[in-house]
Structure formats: structure tokens, C-alpha cells
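Structure data follow from model20.cif (mmCIF, C-alpha atoms and all ligand atoms):
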data_data
loop_
_atom_site.label_atom_id
_atom_site.label_comp_id
_atom_site.auth_asym_id
_atom_site.auth_seq_id
_atom_site.Cartn_x
_atom_site.Cartn_y
_atom_site.Cartn_z
CA MET R 1 -126.29 -0.34 -45.63
CA LYS R 2 -125.04 1.19 -48.91
CA LYS R 3 -125.90 4.39 -50.78
CA GLU R 4 -124.85 5.52 -54.24
CA ILE R 5 -123.61 9.05 -55.13
CA GLY R 6 -126.40 11.62 -54.68
CA GLU R 7 -128.78 9.22 -52.89
CA ILE R 8 -130.71 10.68 -49.94
CA ILE R 9 -129.87 8.96 -46.64
CA PHE R 10 -132.56 10.69 -44.59
CA LYS R 11 -134.63 13.85 -44.76
CA GLN R 12 -135.35 16.73 -42.37
CA GLY R 13 -138.50 15.74 -40.41
CA ASP R 14 -137.96 11.96 -40.72
CA ILE R 15 -138.31 9.95 -37.53
CA GLY R 16 -134.92 8.53 -36.67
CA ASP R 17 -134.24 5.70 -34.25
CA TYR R 18 -130.81 4.85 -35.52
CA ALA R 19 -127.39 6.38 -36.08
CA LEU R 20 -125.05 5.49 -38.93
CA LEU R 21 -121.33 4.87 -38.66
CA ILE R 22 -119.72 5.89 -41.95
CA GLU R 23 -117.44 3.05 -43.03
CA LYS R 24 -116.72 4.37 -46.50
CA GLY R 25 -117.43 7.59 -48.41
CA GLN R 26 -118.48 11.17 -47.69
CA VAL R 27 -121.87 12.45 -46.55
CA GLU R 28 -123.17 15.98 -46.98
CA LEU R 29 -125.55 17.48 -44.40
CA TYR R 30 -127.81 20.31 -45.51
CA HIS R 31 -130.96 22.31 -44.68
CA LEU R 32 -133.63 23.44 -47.11
CA ASN R 33 -134.32 27.20 -46.89
CA LYS R 34 -137.69 28.96 -47.48
CA ASN R 35 -137.16 28.71 -51.24
CA GLN R 36 -136.41 25.02 -50.95
CA GLN R 37 -132.76 25.66 -51.82
CA GLU R 38 -130.07 23.53 -50.24
CA VAL R 39 -127.94 25.24 -47.57
CA LYS R 40 -124.89 23.09 -46.90
CA LEU R 41 -123.97 22.48 -43.25
CA THR R 42 -120.97 20.18 -43.28
CA VAL R 43 -119.41 17.08 -44.76
CA LEU R 44 -118.78 13.94 -42.72
CA GLY R 45 -116.42 11.12 -43.64
CA GLU R 46 -115.05 7.72 -42.78
CA GLY R 47 -115.19 6.82 -39.08
CA GLU R 48 -117.73 9.51 -38.19
CA LEU R 49 -121.24 9.13 -36.78
CA LEU R 50 -124.29 10.42 -38.59
CA GLY R 51 -127.65 11.15 -36.93
CA GLU R 52 -126.34 10.16 -33.49
CA THR R 53 -128.90 12.32 -31.62
CA ALA R 54 -131.35 9.50 -32.35
CA LEU R 55 -129.42 7.45 -29.78
CA PHE R 56 -130.53 9.60 -26.88
CA ASP R 57 -133.88 11.07 -27.94
CA SER R 58 -136.67 10.40 -30.42
CA ASN R 59 -136.65 13.79 -32.09
CA LEU R 60 -137.23 14.20 -35.79
CA ARG R 61 -134.18 14.57 -38.02
CA THR R 62 -133.18 18.25 -38.09
CA PHE R 63 -131.29 18.16 -41.39
CA ASN R 64 -131.03 16.27 -44.65
CA ALA R 65 -128.20 13.87 -45.42
CA LYS R 66 -127.12 12.68 -48.84
CA ALA R 67 -124.23 10.60 -50.15
CA LEU R 68 -121.50 12.76 -51.76
CA THR R 69 -119.70 9.64 -52.90
CA ALA R 70 -120.63 5.93 -52.83
CA CYS R 71 -121.09 5.17 -49.12
CA GLU R 72 -121.19 2.19 -46.79
CA PHE R 73 -122.61 2.39 -43.25
CA VAL R 74 -122.97 0.31 -40.12
CA VAL R 75 -126.51 0.87 -38.80
CA ILE R 76 -126.62 1.42 -35.02
CA LYS R 77 -130.22 0.93 -33.89
CA LYS R 78 -131.11 2.61 -30.61
CA ASP R 79 -132.87 -0.48 -29.19
CA ARG R 80 -130.13 -2.88 -30.26
CA LEU R 81 -127.45 -0.58 -28.83
CA PHE R 82 -129.19 -0.45 -25.44
CA GLU R 83 -129.78 -4.20 -25.44
CA LYS R 84 -126.02 -4.58 -25.80
CA VAL R 85 -125.22 -1.85 -23.27
CA ASN R 86 -127.64 -3.26 -20.67
CA THR R 87 -126.08 -6.71 -20.82
CA SER R 88 -122.54 -5.36 -20.67
CA ASP R 89 -120.23 -4.66 -17.78
CA LYS R 90 -121.56 -2.08 -15.27
CA MET R 91 -118.59 0.20 -15.95
CA VAL R 92 -119.25 0.13 -19.72
CA GLN R 93 -122.96 0.93 -19.05
CA LEU R 94 -121.96 3.90 -16.94
CA ILE R 95 -119.47 5.24 -19.48
CA VAL R 96 -121.90 4.96 -22.41
CA ARG R 97 -124.65 6.77 -20.43
CA ILE R 98 -122.28 9.57 -19.40
CA LEU R 99 -121.02 9.99 -22.96
CA LEU R 100 -124.55 10.09 -24.37
CA ARG R 101 -125.58 12.65 -21.75
CA ARG R 102 -122.57 14.83 -22.64
CA LEU R 103 -123.40 14.53 -26.33
CA LYS R 104 -126.94 15.70 -25.58
CA GLU R 105 -125.61 18.68 -23.58
CA VAL R 106 -123.40 19.66 -26.51
CA GLN R 107 -126.36 19.41 -28.91
CA ASP R 108 -128.53 21.48 -26.55
CA THR R 109 -125.96 24.27 -26.21
CA ALA R 110 -125.79 24.34 -29.98
CA LYS R 111 -129.38 25.65 -29.85
CA ALA R 112 -128.04 29.04 -28.78
CA THR R 113 -129.02 32.68 -29.39
CA GLU R 114 -129.79 34.07 -32.85
CA SER R 115 -126.52 36.04 -33.10
CA ASP R 116 -124.56 32.98 -32.00
CA LYS R 117 -126.36 31.07 -34.69
CA LEU R 118 -125.36 33.62 -37.29
CA THR R 119 -121.67 33.40 -36.35
CA ASP R 120 -121.96 29.62 -36.21
CA ALA R 121 -123.65 29.59 -39.60
CA LYS R 122 -120.77 31.60 -41.11
CA LYS R 123 -118.27 29.27 -39.48
CA ILE R 124 -120.12 26.22 -40.71
CA LYS R 125 -120.35 27.71 -44.23
CA PHE R 126 -116.55 28.33 -44.20
CA GLU R 127 -115.89 24.82 -42.92
CA THR R 128 -118.16 23.33 -45.56
CA ASP R 129 -116.41 25.34 -48.28
CA VAL R 130 -113.03 24.12 -47.03
CA ASN R 131 -114.23 20.54 -47.10
CA LEU R 132 -115.71 20.93 -50.57
CA ALA R 133 -112.48 22.59 -51.80
CA PHE R 134 -110.93 19.13 -51.88
CA PHE R 135 -113.61 17.77 -54.23
CA ASN R 136 -113.31 20.95 -56.34
CA LYS R 137 -109.53 20.37 -56.60
CA GLU R 138 -108.75 23.80 -55.12
CA PHE R 139 -105.83 22.75 -52.90
CA ARG R 140 -102.26 23.38 -54.10
CA ILE R 141 -98.87 22.34 -52.79
CA TYR R 142 -96.42 25.22 -52.40
CA HIS R 143 -92.71 24.62 -51.75
CA GLN R 144 -90.35 26.66 -49.62
CA PRO R 145 -86.67 25.96 -50.36
CA ILE R 146 -84.45 24.44 -47.68
CA VAL R 147 -80.97 25.74 -48.29
CA ASN R 148 -77.41 24.70 -47.45
CA LEU R 149 -76.46 27.84 -45.50
CA GLU R 150 -72.79 27.68 -46.50
CA THR R 151 -73.22 27.18 -50.25
CA GLY R 152 -76.66 28.77 -50.73
CA LYS R 153 -77.70 25.68 -52.72
CA THR R 154 -81.32 24.43 -52.41
CA VAL R 155 -81.11 20.88 -51.07
CA GLY R 156 -84.75 20.32 -50.21
CA SER R 157 -88.12 21.92 -49.63
CA GLU R 158 -91.02 22.03 -47.21
CA ALA R 159 -94.39 21.23 -48.81
CA LEU R 160 -97.01 23.71 -47.55
CA ILE R 161 -100.67 23.50 -48.50
CA ARG R 162 -102.61 26.46 -49.95
CA TRP R 163 -106.29 26.86 -50.83
CA ASP R 164 -106.79 28.47 -54.22
CA ASN R 165 -110.24 29.90 -53.46
CA PRO R 166 -112.17 31.20 -56.52
CA THR R 167 -113.25 34.39 -54.68
CA LEU R 168 -110.76 34.83 -51.84
CA GLY R 169 -107.61 33.98 -53.83
CA ILE R 170 -104.77 32.06 -52.14
CA VAL R 171 -105.80 31.22 -48.56
CA SER R 172 -103.18 30.45 -45.87
CA PRO R 173 -103.28 27.06 -44.09
CA VAL R 174 -103.39 28.96 -40.79
CA ASP R 175 -107.02 29.76 -41.71
CA PHE R 176 -108.20 26.31 -42.75
CA VAL R 177 -105.99 23.40 -41.56
CA GLU R 178 -107.82 23.37 -38.23
CA SER R 179 -111.17 23.02 -40.06
CA LEU R 180 -109.76 20.10 -42.04
CA GLU R 181 -108.54 18.57 -38.81
CA SER R 182 -111.80 18.98 -36.94
CA SER R 183 -113.66 17.16 -39.71
CA SER R 184 -112.16 13.94 -41.03
CA MET R 185 -111.20 15.69 -44.29
CA ILE R 186 -107.54 16.00 -43.24
CA VAL R 187 -107.32 12.23 -43.83
CA PRO R 188 -108.11 12.18 -47.60
CA VAL R 189 -106.45 15.61 -48.04
CA GLY R 190 -103.36 14.27 -46.22
CA TYR R 191 -103.15 11.24 -48.53
CA TRP R 192 -103.52 13.58 -51.51
CA ILE R 193 -100.63 15.73 -50.17
CA LEU R 194 -98.41 12.65 -49.81
CA GLU R 195 -99.32 11.50 -53.31
CA GLU R 196 -98.62 14.94 -54.83
CA CYS R 197 -95.28 15.19 -53.00
CA PHE R 198 -94.26 11.71 -54.20
CA LYS R 199 -95.16 12.64 -57.80
CA GLN R 200 -93.50 16.07 -57.61
CA HIS R 201 -90.31 14.72 -56.02
CA ALA R 202 -89.31 12.84 -59.18
CA ILE R 203 -89.71 16.01 -61.28
CA ILE R 204 -87.89 18.25 -58.77
CA ALA R 205 -84.99 15.80 -58.27
CA GLN R 206 -84.50 15.56 -62.02
CA LYS R 207 -84.62 19.36 -62.52
CA ALA R 208 -82.24 19.92 -59.56
CA ASN R 209 -80.08 17.05 -60.77
CA ASN R 210 -80.02 15.85 -57.18
CA LYS R 211 -81.33 12.38 -56.29
CA ASP R 212 -80.80 13.23 -52.59
CA PHE R 213 -83.28 16.14 -52.69
CA THR R 214 -85.64 15.87 -49.68
CA ILE R 215 -89.19 17.10 -49.15
CA CYS R 216 -90.57 17.85 -45.66
CA ILE R 217 -94.24 16.92 -45.30
CA ASN R 218 -96.37 18.16 -42.38
CA LEU R 219 -98.57 15.55 -40.69
CA SER R 220 -101.40 16.13 -38.25
CA VAL R 221 -102.63 13.89 -35.43
CA ARG R 222 -105.74 12.76 -37.26
CA GLN R 223 -103.70 11.62 -40.25
CA LEU R 224 -101.30 9.61 -38.10
CA MET R 225 -104.13 8.07 -36.09
CA HIS R 226 -105.99 6.92 -39.21
CA HIS R 227 -106.14 3.13 -38.98
CA LYS R 228 -104.77 2.69 -42.52
CA PHE R 229 -101.98 5.32 -42.34
CA THR R 230 -98.88 3.08 -42.52
CA GLU R 231 -100.59 0.70 -44.95
CA THR R 232 -101.50 3.57 -47.31
CA LEU R 233 -98.07 5.20 -46.95
CA SER R 234 -96.46 1.92 -47.92
CA ALA R 235 -98.85 1.41 -50.88
CA LEU R 236 -98.20 4.96 -52.16
CA SER R 237 -94.43 4.48 -51.76
CA GLU R 238 -94.61 1.40 -53.98
CA LYS R 239 -96.96 3.04 -56.49
CA TYR R 240 -94.60 6.00 -57.04
CA LYS R 241 -91.41 3.97 -56.48
CA ILE R 242 -90.05 6.59 -54.11
CA ASN R 243 -87.02 6.31 -51.84
CA PRO R 244 -88.41 7.04 -48.33
CA LYS R 245 -85.05 8.61 -47.38
CA ASN R 246 -86.05 11.57 -49.57
CA PHE R 247 -89.00 12.44 -47.31
CA LYS R 248 -89.04 13.98 -43.86
CA LEU R 249 -92.34 13.47 -42.08
CA GLU R 250 -92.89 16.49 -39.83
CA THR R 251 -94.59 16.20 -36.52
CA ASN R 252 -94.65 18.46 -33.47
CA GLU R 253 -95.01 18.24 -29.73
CA LYS R 254 -98.77 18.65 -29.89
CA VAL R 255 -98.91 15.49 -32.02
CA LEU R 256 -96.41 13.57 -29.89
CA ALA R 257 -98.41 14.42 -26.76
CA GLU R 258 -101.05 11.97 -28.09
CA GLY R 259 -98.76 9.25 -26.73
CA ALA R 260 -97.97 5.63 -27.44
CA LEU R 261 -100.15 5.10 -30.53
CA VAL R 262 -98.57 8.00 -32.41
CA PHE R 263 -95.07 6.88 -31.37
CA GLU R 264 -95.83 3.42 -32.74
CA VAL R 265 -96.99 4.81 -36.10
CA LEU R 266 -93.93 7.09 -36.41
CA LYS R 267 -91.59 4.24 -35.54
CA ASN R 268 -93.23 2.12 -38.26
CA CYS R 269 -92.70 4.96 -40.77
CA GLN R 270 -89.06 5.09 -39.72
CA LYS R 271 -88.75 1.32 -40.22
CA MET R 272 -90.00 1.86 -43.78
CA GLY R 273 -87.10 4.30 -44.24
CA PHE R 274 -88.83 7.69 -43.82
CA LEU R 275 -87.09 10.36 -41.75
CA ILE R 276 -88.94 11.85 -38.78
CA SER R 277 -88.64 15.58 -38.20
CA LEU R 278 -89.62 17.38 -34.99
CA ASP R 279 -91.13 20.73 -35.95
CA ASP R 280 -91.04 23.96 -33.90
CA PHE R 281 -88.42 22.50 -31.56
CA GLY R 282 -88.23 24.25 -28.21
CA THR R 283 -91.73 25.74 -28.12
CA GLY R 284 -93.26 23.14 -25.82
CA PHE R 285 -92.27 21.96 -22.39
CA ALA R 286 -91.31 18.45 -23.34
CA SER R 287 -89.01 18.87 -26.37
CA LEU R 288 -86.08 17.17 -24.64
CA GLN R 289 -88.23 14.38 -23.28
CA TYR R 290 -89.50 13.55 -26.78
CA LEU R 291 -85.92 13.43 -28.06
CA SER R 292 -85.17 10.71 -25.55
CA LEU R 293 -88.37 8.76 -26.33
CA MET R 294 -88.36 8.90 -30.15
CA PRO R 295 -85.38 8.35 -32.44
CA ILE R 296 -85.95 11.72 -34.19
CA ASN R 297 -83.84 12.27 -37.35
CA VAL R 298 -84.35 16.01 -37.83
CA ILE R 299 -85.01 18.97 -35.53
CA LYS R 300 -86.49 22.19 -36.91
CA ILE R 301 -85.69 25.16 -34.70
CA GLU R 302 -88.73 27.34 -34.09
CA ARG R 303 -88.99 30.62 -36.02
CA SER R 304 -89.36 32.83 -32.92
CA PHE R 305 -85.90 31.76 -31.67
CA ILE R 306 -84.24 32.64 -34.98
CA LYS R 307 -86.03 36.01 -34.99
CA ASN R 308 -84.38 36.90 -31.68
CA ILE R 309 -81.04 35.22 -32.20
CA SER R 310 -79.19 38.48 -32.96
CA LYS R 311 -81.10 40.49 -30.31
CA VAL R 312 -81.20 38.29 -27.21
CA PRO R 313 -77.84 36.73 -26.13
CA ARG R 314 -79.58 34.06 -24.02
CA ILE R 315 -81.58 32.89 -27.03
CA ALA R 316 -78.39 32.81 -29.13
CA ALA R 317 -76.77 30.67 -26.42
CA MET R 318 -79.79 28.36 -26.38
CA VAL R 319 -79.81 27.90 -30.18
CA ASP R 320 -76.05 27.29 -30.09
CA SER R 321 -76.60 24.56 -27.47
CA ILE R 322 -79.44 22.94 -29.44
CA ILE R 323 -77.18 22.76 -32.52
CA TYR R 324 -74.32 21.28 -30.44
CA MET R 325 -76.63 18.72 -28.81
CA ALA R 326 -78.15 17.70 -32.16
CA LYS R 327 -74.68 17.13 -33.64
CA ARG R 328 -73.75 14.87 -30.69
CA MET R 329 -76.99 12.94 -31.23
CA ASN R 330 -76.47 12.63 -34.99
CA ILE R 331 -79.63 14.66 -35.64
CA THR R 332 -79.93 17.03 -38.62
CA ILE R 333 -80.80 20.64 -37.74
CA ILE R 334 -82.91 22.96 -39.90
CA ALA R 335 -83.32 26.59 -38.76
CA GLN R 336 -86.72 28.04 -39.69
CA GLY R 337 -87.70 31.61 -40.46
CA ILE R 338 -84.30 33.06 -41.44
CA GLU R 339 -85.08 36.58 -42.66
CA THR R 340 -81.73 38.43 -42.54
CA GLU R 341 -78.13 37.92 -43.63
CA GLY R 342 -77.10 38.57 -40.01
CA GLU R 343 -79.24 35.68 -38.69
CA CYS R 344 -77.83 33.42 -41.40
CA ARG R 345 -74.20 34.34 -40.55
CA LEU R 346 -74.76 33.72 -36.84
CA LEU R 347 -76.28 30.30 -37.54
CA VAL R 348 -73.42 29.30 -39.85
CA GLY R 349 -70.99 30.37 -37.09
CA MET R 350 -72.82 28.03 -34.71
CA GLY R 351 -72.42 25.12 -37.13
CA CYS R 352 -76.00 25.05 -38.44
CA LYS R 353 -75.91 23.64 -41.98
CA HIS R 354 -79.48 23.98 -43.21
CA GLY R 355 -82.22 26.58 -43.05
CA GLN R 356 -85.30 28.04 -44.64
CA GLY R 357 -86.87 31.49 -44.54
CA TYR R 358 -87.93 34.57 -46.45
CA LEU R 359 -84.21 35.51 -46.90
CA PHE R 360 -84.06 32.73 -49.49
CA SER R 361 -87.68 32.55 -50.63
CA LYS R 362 -91.29 32.54 -49.47
CA PRO R 363 -93.19 29.33 -50.28
CA VAL R 364 -94.02 29.32 -54.01
CA ASP R 365 -96.18 27.23 -56.33
CA PHE R 366 -94.73 24.08 -57.91
CA GLN R 367 -93.91 25.61 -61.31
CA SER R 368 -92.22 28.69 -59.79
CA PHE R 369 -90.24 26.39 -57.51
CA LEU R 370 -89.01 24.37 -60.50
CA ASN R 371 -88.00 27.62 -62.24
CA MET R 372 -85.94 28.60 -59.20
CA LEU R 373 -83.81 25.41 -59.31
P1 LIG B 1 -95.14 25.24 -40.07
O1 LIG B 1 -95.05 23.77 -40.32
O2 LIG B 1 -94.43 25.77 -38.88
O3 LIG B 1 -94.63 25.92 -41.42
C1 LIG B 1 -93.76 27.00 -41.47
C2 LIG B 1 -94.52 28.28 -41.67
O4 LIG B 1 -93.61 29.38 -41.54
C3 LIG B 1 -95.09 28.40 -43.08
O5 LIG B 1 -96.35 29.07 -42.95
C4 LIG B 1 -94.09 29.29 -43.79
O6 LIG B 1 -94.64 30.01 -44.88
C5 LIG B 1 -93.71 30.22 -42.67
N1 LIG B 1 -92.39 30.83 -42.90
C6 LIG B 1 -91.32 30.28 -43.49
N2 LIG B 1 -90.27 31.11 -43.50
C7 LIG B 1 -90.67 32.24 -42.87
C8 LIG B 1 -90.02 33.50 -42.56
O7 LIG B 1 -88.86 33.72 -42.86
N3 LIG B 1 -90.76 34.43 -41.88
C9 LIG B 1 -92.06 34.20 -41.54
N4 LIG B 1 -92.71 35.16 -40.88
N5 LIG B 1 -92.71 33.04 -41.82
C10 LIG B 1 -92.01 32.07 -42.48
P2 LIG B 1 -97.62 28.55 -43.72
O8 LIG B 1 -97.25 28.03 -45.06
O9 LIG B 1 -98.64 29.63 -43.62
O10 LIG B 1 -98.07 27.29 -42.85
C11 LIG B 1 -98.58 27.46 -41.57
C12 LIG B 1 -98.80 26.15 -40.88
O11 LIG B 1 -99.85 25.41 -41.49
C13 LIG B 1 -97.58 25.24 -40.93
O12 LIG B 1 -96.67 25.68 -39.96
C14 LIG B 1 -98.22 23.91 -40.63
O13 LIG B 1 -98.42 23.75 -39.24
C15 LIG B 1 -99.58 24.04 -41.31
N6 LIG B 1 -99.51 23.37 -42.61
C16 LIG B 1 -99.05 23.87 -43.78
N7 LIG B 1 -99.12 22.93 -44.76
C17 LIG B 1 -99.61 21.81 -44.18
C18 LIG B 1 -99.90 20.49 -44.67
O14 LIG B 1 -99.67 20.13 -45.83
N8 LIG B 1 -100.42 19.59 -43.76
C19 LIG B 1 -100.64 19.93 -42.46
N9 LIG B 1 -101.14 18.98 -41.63
N10 LIG B 1 -100.37 21.16 -41.97
C20 LIG B 1 -99.86 22.09 -42.82
CA CA B 2 -93.48 22.36 -40.74
#
Will you turn the file into C-alpha cells for me?
Amino acid sequence: MKKEIGEIIFKQGDIGDYALLIEKGQVELYHLNKNQQEVKLTVLGEGELLGETALFDSNLRTFNAKALTACEFVVIKKDRLFEKVNTSDKMVQLIVRILLRRLKEVQDTAKATESDKLTDAKKIKFETDVNLAFFNKEFRIYHQPIVNLETGKTVGSEALIRWDNPTLGIVSPVDFVESLESSSMIVPVGYWILEECFKQHAIIAQKANNKDFTICINLSVRQLMHHKFTETLSALSEKYKINPKNFKLETNEKVLAEGALVFEVLKNCQKMGFLISLDDFGTGFASLQYLSLMPINVIKIERSFIKNISKVPRIAAMVDSIIYMAKRMNITIIAQGIETEGECRLLVGMGCKHGQGYLFSKPVDFQSFLNML
């Protein structure tokens, strides 16, 4: 089934006996208020299910759905689905029934108290705004310099997303990246970030007169698990004729905990020539284990360690050992969150070559970053 931009997919009150799997495009869900004005609920994208409650009950549709972009769907009819389930393996039948029952429980709890609904409504409104921010071109890439601690020269940067909200001003990713992750929006936003970084690299490298300039790019689980991640990364690399060695793809323990699939994707990125950086090293329980499982190229030492490096001797000893170990393993070290000259001196004394932090600069917009070079 296909729908063009703006076409209604179904309306509040319609009888629904099917769900739709979004194969392509974005769908907006909304209510109509007393004045028949649209109140946006959320935006769904590729790989997500729409109207799935129809698979376990015959209720009327409780919201409207329209195509935000040209869409393609796989129609999952309730009867057809159960025909298939009933003729399948007993274990599959059991799993599908349990999953549908859980889905129903989740939907039922969503029908909570009025005050809960109000908080939820605010949350949903914020999430919808975040999702729409992408279509309104409100995201920006800021850069924080990564500095050679001995010479003070900027040798790279970390790309950090910001939301330039028309009323709130610049919004921190701490407040919205999770929303992007919980909807599928982090996937298109993530490709946009890669594309922007590839474009900006050429301009930065020329201004810095440094073809070895590297940009660190943060990646989330959902991005890495997207079925076309490596394919798209490779296509974008060719389109912008980049040298993958100039890009460090940042991942953390939370992402690596997803297991074999993520490892496979990261290894493929490495085969293409990208460098893999392990963010917030030392915060989780399995940092060392991941080092033995993945050929990591870069370790970024967690900010909280650097903050205490001059105050707590045991932390200083630990950071010293991490730097020593990384050298033996031929891994590049970047210290994060350097705020004082004292911290910087200690790190240099330990043999740490690269770092970033407010001592050098906060993350700044692209133009300001160019002016700093
Ligand atoms: P992160 O990857 O750990 O990024 C480092 C954070 O530390 C940044 O916060 C940076 O502004 C902050 N920082 C750097 N130096 C200092 C310092 O000296 N002192 C202090 N107190 N903070 C410092 P920011 O930009 O707010 O980003 C927060 C998090 O949001 C990032 O943590 C990352 O997990 C996520 N994020 C940011 N941009 C992206 C993105 O493009 N994609 C994804 N998936 N996540 C992103
Ligand atoms: Ca990072």
C-alpha cells in the first residue's frame, strides 16, 4: 500500500482490522480537539508498526494518521496474521500470543489518570516537536576542539548535535537525544549528522591546513542496528569522497552491550577504514572485556575521572594505568572534560597526548569553530 504526502491513512473512529508496517516514509499521528484542530501526538518512521492495536482487539481507531512524506506499507491483516500464526510452530504461536498480550497491557496502562495524561501529553508534545525539528531543519552540528596537549594545536573535533528551537533557544542533546532514539528519528537524523560532518570536514581541513584533521561522531544503538547502516555509510563516503581515516565513530559500553550484531557492524566500518572510538571509558563494568573483544582504535577517558585526577590519588593512578595500557595496545587516548591547567599538566606528565574540555573551548557552532582555527 502507498500513500502520497498529506494523504490520510486512517481516521479516528474508523474500524481497523489491520496494522501497517512502515517500509518507507514518515507518518504523523494526531487527534482532533473540540475545535477540530489537529493536536500532534507523534511521528513514526521506517520499520515501525502503525495501528497495531487492531491485531488484538476490534476497537475503533483512537487517532488519525497521515503521511508526512511519500509512504509505503506492508498491510498486516488480523485474520491473515492469525492464519499464519495458527499453522506455525507451537513455540512461535506461544511467543506471538504473549507479545500481543503484553502489547495490550501496555496500551491499557496508557489509559491512566487525568494528571498522568497531562504529563504524558506534555512529554508527547515535546517528543513530537523534537521529531518535527528535523523536518524544520532546526538541528545544528557544534564542534568541540580536540587538542594536542603538548602543543595546544587543534588536531580534531567532536561533533555534538544541538537543537536550535525557535522559542527555547539552543537545546542540549541531553534533553532530546533519548526522544530521537525512542522513535526511529535517530536513524534519518544520524544519516544527516554523518552527511554534515563529511561536508564540513573538507572545509575544516582546508581552513586548518591539515588533511589529517579528524572528527569524532557519536553513534547510537538504533543507528548502528539500522539494516542499511554500512551500505549508507559507504554510499555517503563515496558521495563526499572522504577518507574514512579522518572519522572516529564513537560508541559506548551501552551500545556494545547489544552484542554480536553491533560488533559485526563496527567491524565492517573498521574494514572500510573508519576508526572506532570507545566513549566514556571506565564507567561501565565491562570496559576491559570490550577492549579484548573489539579492535578499538581510540579510548576516550570519562570526564568524571579527569575531574578527580588532581584530588584523588587512586583515580590518578587508574588514569595513568589506562594511558600506559592503551600505549601498549597501540590505542589512541583522548582525555575528556579537561577544565584546568593543573589537570592538563598531570595528563601530559602521564603521557596523554590528546584531550578536549572547557579549558580549551566549549562546543561551538560551525562558523565559530572555523574562526578559531
Ligand atoms: P558525550 O559523547 O559524552 O559528549 C561529551 C559531552 O561533554 C558534551 O556534552 C560536551 O559538551 C561535554 N563537555 C565537554 N567538555 C566538557 C568540560 O570540560 N566540562 C563539562 N562539564 N562538560 C564538557 P553535550 O554536547 O551536551 O552532549 C551530551 C551527550 O549527548 C553526548 O555525550 C552524547 O552522548 C550525546 N550526543 C551529542 N551529540 C550527539 C550526536 O550527534 N549523536 C548522538 N547519537 N548522540 C549525541
Ligand atoms: Ca562522545
Could you pull out the residues sitting within 8 Å of ligand CA 2 (chain B), using all atoms listed in the file, and write them as a PyMOL selection string? chain R and resi 158+160+216-218+250-251+279-280+300
Test item: residues no farther than 7 Å from ligand LIG 1 (chain B), counting all atoms listed in the file, as a list in words: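 So, counting all atoms listed in the file, the residues near ligand LIG 1 (chain B) are Ala159, Leu160, Ile161, Ser172, Pro173, Val174, Val177, Gly190, Ile193, Ile217, Asn218, Leu219, Ser220, Asp279, Asp280, Gln336, Gly337, Ile338, Glu339, Gln356, Gly357, Tyr358, Leu359, Lys362 and Pro363 of chain R.
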For the residues selected in the previous step, produce a file with C-alpha atoms as a short mmCIF file (atom, residue, chain, number, x, y, z; two decimals), in the coordinates of the input.
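Writing done, so here's part.cif:
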data_model
loop_
_atom_site.label_atom_id
_atom_site.label_comp_id
_atom_site.auth_asym_id
_atom_site.auth_seq_id
_atom_site.Cartn_x
_atom_site.Cartn_y
_atom_site.Cartn_z
CA ALA R 159 -94.39 21.23 -48.81
CA LEU R 160 -97.01 23.71 -47.55
CA ILE R 161 -100.67 23.50 -48.50
CA SER R 172 -103.18 30.45 -45.87
CA PRO R 173 -103.28 27.06 -44.09
CA VAL R 174 -103.39 28.96 -40.79
CA VAL R 177 -105.99 23.40 -41.56
CA GLY R 190 -103.36 14.27 -46.22
CA ILE R 193 -100.63 15.73 -50.17
CA ILE R 217 -94.24 16.92 -45.30
CA ASN R 218 -96.37 18.16 -42.38
CA LEU R 219 -98.57 15.55 -40.69
CA SER R 220 -101.40 16.13 -38.25
CA ASP R 279 -91.13 20.73 -35.95
CA ASP R 280 -91.04 23.96 -33.90
CA GLN R 336 -86.72 28.04 -39.69
CA GLY R 337 -87.70 31.61 -40.46
CA ILE R 338 -84.30 33.06 -41.44
CA GLU R 339 -85.08 36.58 -42.66
CA GLN R 356 -85.30 28.04 -44.64
CA GLY R 357 -86.87 31.49 -44.54
CA TYR R 358 -87.93 34.57 -46.45
CA LEU R 359 -84.21 35.51 -46.90
CA LYS R 362 -91.29 32.54 -49.47
CA PRO R 363 -93.19 29.33 -50.28
#
From the options R:Ala316, R:Ile331, R:Met91, R:Met1, which residue's atoms come nearest to Met294 (chain R), counting only C-alpha atoms?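 The answer is R:Ile331, which sits nearest to Met294 (chain R).
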Which polymer residues have any atom within 7 Å of an atom of Glu23 (chain R), counting only C-alpha atoms, with same-chain residues fewer than 3 positions away left out, as number ranges by chain? R: 46-47, 72-74
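Distance annotation: of R:Val189, R:Leu149, R:Ile204, R:Ala326, the residue with the minimal separation from Ala133 (chain R) is R:Val189; atom set is all atoms listed in the file.
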Select, counting only C-alpha atoms, all protein, DNA and RNA residues no farther than 9 Å from (-106.4, 20.1, -52.8) in file coordinates, and express the selection as a PyMOL selection string. chain R and resi 133-141+161-164+189+192-193
Counting all atoms listed in the file, what is within 7 Å of Glu4 (chain R), bar same-chain residues fewer than 3 positions away, as a count of residues only? 5
Using all atoms listed in the file, which of R:Phe213, R:Phe63, R:Phe360, R:Phe274 sits nearest Gly16 (chain R)?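 Ranked by minimum distance to Gly16 (chain R), first place goes to R:Phe63.
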Near-Phe247 (chain R) list (12 Å; all atoms listed in the file; drop same-chain fewer than 6 positions) as a ChimeraX atom specification: /R:156-159,194-195,197-198,200-202,211-218,233,237,269-270,272-277,297-298
At what distance in Å, to one decimal, does CA of Val255 (chain R) lie from CA of Lys271 (chain R)?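 Going from CA of Lys271 (chain R) over to CA of Val255 (chain R) covers 19.3 Å.
Counting all atoms listed in the file and comparing R:Phe82, R:Gln36, R:Glu127, R:Tyr30, the residue that lies closest to Asp175 (chain R) is R:Glu127.
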